[in-house]
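S.K.: Sharing target.cif here; it has mmCIF, C-alpha atoms and all ligand atoms.
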```
data_data
#
loop_
_atom_site.label_atom_id
_atom_site.label_comp_id
_atom_site.auth_asym_id
_atom_site.auth_seq_id
_atom_site.Cartn_x
_atom_site.Cartn_y
_atom_site.Cartn_z
CA MET Z 1 -12.70 -16.07 5.01
CA HIS Z 2 -13.97 -15.87 1.43
CA PRO Z 3 -11.10 -17.18 -0.69
CA GLU Z 4 -11.47 -17.45 -4.46
CA LEU Z 5 -9.45 -19.43 -6.99
CA SER Z 6 -7.12 -17.90 -9.58
CA PHE Z 7 -8.82 -15.57 -12.04
CA GLN Z 8 -12.10 -16.00 -10.16
CA GLU Z 9 -11.32 -13.33 -7.55
CA HIS Z 10 -14.47 -11.32 -8.33
CA GLY Z 11 -15.69 -10.88 -4.76
CA THR Z 12 -12.21 -10.24 -3.42
CA VAL Z 13 -11.35 -7.55 -5.93
CA ALA Z 14 -14.79 -5.96 -5.55
CA PHE Z 15 -14.14 -5.66 -1.81
CA VAL Z 16 -10.74 -4.06 -2.45
CA ALA Z 17 -12.24 -1.67 -4.99
CA ASP Z 18 -15.05 -0.66 -2.62
CA VAL Z 19 -12.63 0.12 0.21
CA LEU Z 20 -10.32 2.16 -2.02
CA LYS Z 21 -13.11 4.07 -3.74
CA ALA Z 22 -14.77 4.89 -0.42
CA GLU Z 23 -11.50 6.53 0.54
CA GLY Z 24 -11.42 8.53 -2.70
CA ILE Z 25 -8.51 6.61 -4.19
CA GLU Z 26 -8.33 6.32 -7.98
CA VAL Z 27 -8.66 2.73 -9.18
CA ARG Z 28 -8.30 0.99 -12.49
CA GLU Z 29 -10.44 -2.15 -12.46
CA GLY Z 30 -10.72 -5.15 -14.78
CA VAL Z 31 -7.00 -5.59 -15.38
CA GLY Z 32 -5.17 -8.91 -15.69
CA ARG Z 33 -7.46 -10.48 -18.29
CA LEU Z 34 -6.75 -14.16 -18.91
CA THR Z 35 -8.40 -13.92 -22.33
CA PRO Z 36 -9.38 -10.81 -24.32
CA GLU Z 37 -13.05 -11.53 -23.58
CA ALA Z 38 -12.59 -12.16 -19.86
CA LYS Z 39 -13.21 -9.56 -17.21
CA GLY Z 40 -9.92 -9.02 -15.47
CA THR Z 41 -9.97 -9.67 -11.75
CA GLY Z 42 -6.96 -7.48 -11.01
CA LEU Z 43 -6.92 -3.89 -9.87
CA ILE Z 44 -4.41 -1.07 -9.86
CA ALA Z 45 -4.85 1.92 -7.59
CA VAL Z 46 -2.90 5.15 -7.69
CA VAL Z 47 -2.06 7.08 -4.53
CA ARG Z 48 -0.41 10.46 -4.98
CA GLY Z 49 1.72 12.33 -2.51
CA GLU Z 50 1.04 16.06 -2.34
CA ALA Z 51 3.97 17.50 -0.40
CA ALA Z 52 5.87 18.61 -3.53
CA PRO Z 53 5.93 17.87 -7.28
CA SER Z 54 7.76 14.61 -8.00
CA ASP Z 55 7.82 11.99 -10.75
CA ARG Z 56 9.10 9.28 -8.44
CA CYS Z 57 6.93 6.19 -8.57
CA PHE Z 58 6.86 3.00 -6.56
CA ALA Z 59 4.63 -0.04 -6.58
CA LEU Z 60 3.32 -2.24 -3.82
CA ARG Z 61 2.11 -5.59 -5.08
CA ALA Z 62 -0.31 -8.09 -3.56
CA ASP Z 63 -1.80 -11.27 -4.96
CA LEU Z 64 -5.53 -11.98 -4.60
CA ASP Z 65 -6.08 -15.66 -5.31
CA ALA Z 66 -6.34 -18.74 -3.08
CA LEU Z 67 -5.60 -22.45 -3.52
CA PRO Z 68 -7.85 -25.48 -4.09
CA ILE Z 69 -7.30 -26.82 -0.57
CA THR Z 70 -9.89 -27.59 2.08
CA GLU Z 71 -9.26 -25.70 5.28
CA VAL Z 72 -9.78 -27.60 8.51
CA GLY Z 73 -9.92 -26.35 12.06
CA LYS Z 74 -12.20 -24.14 14.06
CA ASP Z 75 -10.56 -20.75 13.75
CA THR Z 76 -13.11 -17.99 13.37
CA TYR Z 77 -11.31 -16.70 10.28
CA ARG Z 78 -11.24 -20.06 8.45
CA SER Z 79 -12.50 -20.33 4.91
CA THR Z 80 -16.23 -20.39 4.39
CA ASN Z 81 -15.72 -21.48 0.78
CA THR Z 82 -15.41 -25.27 0.90
CA GLY Z 83 -12.41 -26.59 -0.98
CA VAL Z 84 -10.73 -23.20 -1.29
CA MET Z 85 -8.25 -21.80 1.20
CA HIS Z 86 -5.81 -18.93 1.55
CA ALA Z 87 -3.06 -21.43 2.31
CA CYS Z 88 -0.40 -19.18 0.81
CA GLY Z 89 -1.09 -15.96 2.66
CA HIS Z 90 -2.52 -13.91 -0.18
CA ASP Z 91 -5.26 -12.65 2.12
CA ALA Z 92 -2.52 -11.20 4.33
CA HIS Z 93 -0.73 -9.71 1.30
CA THR Z 94 -3.95 -8.07 0.15
CA ALA Z 95 -4.71 -6.71 3.62
CA MET Z 96 -1.17 -5.31 3.95
CA VAL Z 97 -1.15 -3.47 0.63
CA LEU Z 98 -4.71 -2.25 1.13
CA GLY Z 99 -3.85 -0.95 4.59
CA ALA Z 100 -0.64 0.66 3.36
CA GLY Z 101 -2.55 2.36 0.56
CA LEU Z 102 -5.14 3.78 2.92
CA LEU Z 103 -2.48 5.12 5.28
CA LEU Z 104 -0.43 6.61 2.45
CA HIS Z 105 -3.51 8.31 1.08
CA ARG Z 106 -4.42 9.75 4.48
CA MET Z 107 -0.83 10.99 4.88
CA ARG Z 108 -0.53 12.26 1.29
CA LYS Z 109 0.30 15.83 2.29
CA GLU Z 110 3.43 14.53 4.03
CA TRP Z 111 5.17 12.82 1.09
CA SER Z 112 5.90 13.27 -2.63
CA GLY Z 113 5.60 10.99 -5.62
CA THR Z 114 3.20 8.25 -6.61
CA VAL Z 115 2.56 4.82 -5.15
CA MET Z 116 0.73 2.29 -7.26
CA LEU Z 117 -1.11 -0.47 -5.45
CA VAL Z 118 -1.09 -3.53 -7.67
CA PHE Z 119 -3.60 -6.23 -6.80
CA GLN Z 120 -2.62 -9.10 -9.03
CA PRO Z 121 -4.99 -11.95 -9.97
CA GLY Z 122 -3.98 -15.53 -10.63
CA GLU Z 123 -0.60 -15.70 -8.94
CA GLU Z 124 -0.96 -19.45 -8.46
CA LYS Z 125 -1.49 -20.26 -12.13
CA GLU Z 126 0.48 -20.08 -15.37
CA PRO Z 127 0.45 -17.69 -17.03
CA GLY Z 128 0.43 -15.71 -13.83
CA GLY Z 129 -1.52 -12.51 -13.48
CA ALA Z 130 1.73 -10.55 -13.21
CA SER Z 131 2.72 -11.30 -16.79
CA LEU Z 132 -0.78 -10.37 -17.97
CA LEU Z 133 -0.61 -7.02 -16.19
CA VAL Z 134 2.78 -6.27 -17.72
CA LYS Z 135 1.47 -7.18 -21.16
CA GLU Z 136 -1.49 -4.84 -20.76
CA GLY Z 137 0.72 -1.87 -19.97
CA PRO Z 138 1.47 0.63 -22.76
CA PRO Z 139 4.87 0.07 -24.44
CA ARG Z 140 6.20 3.51 -23.59
CA SER Z 141 5.70 3.02 -19.88
CA ARG Z 142 8.70 3.05 -17.63
CA THR Z 143 9.91 0.70 -14.98
CA ILE Z 144 8.96 1.34 -11.41
CA ARG Z 145 11.95 1.55 -9.11
CA ASP Z 146 10.77 -0.99 -6.55
CA PRO Z 147 8.90 -3.90 -8.10
CA GLY Z 148 7.07 -5.09 -5.06
CA ALA Z 149 6.50 -5.22 -1.37
CA THR Z 150 4.84 -8.44 -0.34
CA ARG Z 151 6.84 -11.57 -0.85
CA HIS Z 152 5.38 -14.91 -1.67
CA ALA Z 153 6.52 -17.90 0.35
CA GLY Z 154 8.38 -20.29 -1.92
CA ALA Z 155 7.87 -18.24 -5.05
CA SER Z 156 10.52 -17.93 -7.68
CA ASP Z 157 12.16 -14.60 -8.38
CA ARG Z 158 10.53 -14.72 -11.78
CA GLN Z 159 7.15 -14.42 -10.07
CA THR Z 160 7.95 -11.88 -7.41
CA ARG Z 161 10.60 -9.66 -9.00
CA PHE Z 162 9.03 -8.99 -12.35
CA PRO Z 163 9.86 -5.57 -13.80
CA PHE Z 164 6.49 -4.05 -13.22
CA ARG Z 165 5.71 -1.02 -15.29
CA CYS Z 166 4.08 2.29 -14.66
CA PHE Z 167 0.81 2.27 -16.56
CA HIS Z 168 0.51 6.00 -16.84
CA GLY Z 169 3.82 6.99 -18.43
CA ARG Z 170 4.81 9.52 -15.82
CA CYS Z 171 3.12 7.66 -12.99
CA GLY Z 172 -0.34 9.05 -13.44
ZN ZN Z 201 0.93 -17.83 -3.28
#
```
Represent the supplied structure as structure tokens.
Ligand SMILES: [Zn+2]
M.R.:
Amino acid sequence: MHPELSFQEHGTVAFVADVLKAEGIEVREGVGRLTPEAKGTGLIAVVRGEAAPSDRCFALRADLDALPITEVGKDTYRSTNTGVMHACGHDAHTAMVLGAGLLLHRMRKEWSGTVMLVFQPGEEKEPGGASLLVKEGPPRSRTIRDPGATRHAGASDRQTRFPFRCFHGRCG
């Protein structure tokens, strides 16, 4: 209902951060900076399984931004931000990864390893937020085994299958 354009996802990412932090999930905010001076509107959260020691690491990716399209209709969930619309389903992607993260955290004693929740800004623009996040990662980081969960309708493989990296070396 409150879509924001690429790299302007301040309210959206703040909502995601609030939900995760309220649950006690570790978050890294301000990632995906378009310029060195800009405040990044991406977020990476780390959920750790506690069943047994494990260095396995997976990522679930969602995109946060909306498109410059005016939403019409009378649905109760329609955009309240005139001229901006989640016409590509990123609100659903964000809800899915956020929900999965909460459930994984609540079930953490039942599984092992680390799951990173990657909330990517600016998927609809070039350079996309994914490339910025990869660039910000330390060079010694290693590749996560599964690069993503949500798929983007009509997106190229270059956008959705990027070799996302673990930002914490051994996954946190
Ligand atoms: Zn999209």
S.K.: Tell me, in Å to one decimal, how far atom CA of Z:His93 is from atom CA of Z:Glu110.
M.R.: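 Separation of atom CA of Z:His93 and atom CA of Z:Glu110: 24.7 Å.
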S.K.: If you count all atoms listed in the file, which residues fall within 10 Å of Z:Val31, apart from same-chain ones fewer than 5 positions away, as an MDAnalysis selection string?
M.R.: chainID Z and resid 38:44 118:121 129 132:133 136:137
S.K.: Mind pulling up the distance from atom CA of Z:Phe7 to atom CA of Z:Thr80?
M.R.: 18.7 Å
S.K.: For atom CA of Z:Val115 and atom CA of Z:His10, determine how far apart the two atoms are, in Å to one decimal place.
M.R.: 23.7 Å
S.K.: Name the closest residue to Z:Leu102 among the candidates Z:Glu26, Z:Glu126, Z:Glu37, Z:Asp65; distances are taken between atoms, counting only C-alpha atoms.
M.R.: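 Nearest to Z:Leu102: Z:Glu26.
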S.K.: Could you tell me which of Z:Leu117, Z:Leu98, Z:Ala52, Z:Ala92 comes closest to Z:Val27 if we count only C-alpha atoms?
M.R.: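 Closest to Z:Val27 of all the choices is Z:Leu117.
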S.K.: What are the nearest atom pairs, with distances in Å to one decimal, for all residues of stretch 46-154 of chain Z that come at most 12 Å from stretch 12-24 of chain Z, using all atoms listed in the file, set out by chain and rising residue number as a tab-separated table?
M.R.:
```
residue	atom	partner	partner_atom	distance
Z:Val46	CA	Z:Leu20	CA	9.8
Z:Val47	CA	Z:Gly24	CA	9.6
Z:Arg48	CA	Z:Gly24	CA	11.4
Z:Ala62	CA	Z:Val16	CA	11.2
Z:Asp63	CA	Z:Val13	CA	10.3
Z:Leu64	CA	Z:Thr12	CA	7.0
Z:Asp65	CA	Z:Thr12	CA	8.4
Z:Ala66	CA	Z:Thr12	CA	10.3
Z:His86	CA	Z:Thr12	CA	11.9
Z:His90	CA	Z:Thr12	CA	10.9
Z:Asp91	CA	Z:Thr12	CA	9.2
Z:Thr94	CA	Z:Val16	CA	8.3
Z:Ala95	CA	Z:Val16	CA	9.0
Z:Met96	CA	Z:Val16	CA	11.6
Z:Val97	CA	Z:Val16	CA	10.1
Z:Leu98	CA	Z:Val16	CA	7.2
Z:Gly99	CA	Z:Leu20	CA	9.8
Z:Ala100	CA	Z:Leu20	CA	11.2
Z:Gly101	CA	Z:Leu20	CA	8.2
Z:Leu102	CA	Z:Glu23	CA	7.3
Z:Leu103	CA	Z:Glu23	CA	10.3
Z:Leu104	CA	Z:Glu23	CA	11.2
Z:His105	CA	Z:Glu23	CA	8.2
Z:Arg106	CA	Z:Glu23	CA	8.7
Z:Leu117	CA	Z:Leu20	CA	10.2
Z:Val118	CA	Z:Val16	CA	11.0
Z:Phe119	CA	Z:Val13	CA	7.9
Z:Gln120	CA	Z:Val13	CA	9.4
Z:Pro121	CA	Z:Val13	CA	8.7
Z:Gly122	CA	Z:Val13	CA	11.8
```
S.K.: Pick from Z:Gly73, Z:Pro68, Z:Gly32, Z:Gly113: nearest to ligand ZN 201 (chain Z), with all atoms listed in the file counted?
M.R.: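 Looking only at the distances to ligand ZN 201 (chain Z), the closest residue turns out to be Z:Pro68.
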S.K.: Can you tell me which residues surround Z:Val84 at a distance of at most 12 Å, considering only C-alpha atoms, apart from same-chain residues fewer than 3 positions away, and format the answer as a compact mmCIF listing (two decimals) with C-alpha atoms, in the frame of the given file?
M.R.:
```
# COMPACT_ATOMS: atom_id res chain seq x y z
CA MET Z 1 -12.70 -16.07 5.01
CA HIS Z 2 -13.97 -15.87 1.43
CA PRO Z 3 -11.10 -17.18 -0.69
CA GLU Z 4 -11.47 -17.45 -4.46
CA LEU Z 5 -9.45 -19.43 -6.99
CA SER Z 6 -7.12 -17.90 -9.58
CA GLN Z 8 -12.10 -16.00 -10.16
CA GLU Z 9 -11.32 -13.33 -7.55
CA ASP Z 65 -6.08 -15.66 -5.31
CA ALA Z 66 -6.34 -18.74 -3.08
CA LEU Z 67 -5.60 -22.45 -3.52
CA PRO Z 68 -7.85 -25.48 -4.09
CA ILE Z 69 -7.30 -26.82 -0.57
CA THR Z 70 -9.89 -27.59 2.08
CA GLU Z 71 -9.26 -25.70 5.28
CA VAL Z 72 -9.78 -27.60 8.51
CA ARG Z 78 -11.24 -20.06 8.45
CA SER Z 79 -12.50 -20.33 4.91
CA THR Z 80 -16.23 -20.39 4.39
CA ASN Z 81 -15.72 -21.48 0.78
CA ALA Z 87 -3.06 -21.43 2.31
CA CYS Z 88 -0.40 -19.18 0.81
```
S.K.: Between Z:Glu50, Z:Glu29, Z:Glu123, Z:Asp55, which is the closest to ligand ZN 201 (chain Z) once you count all atoms listed in the file?
M.R.: Z:Glu123
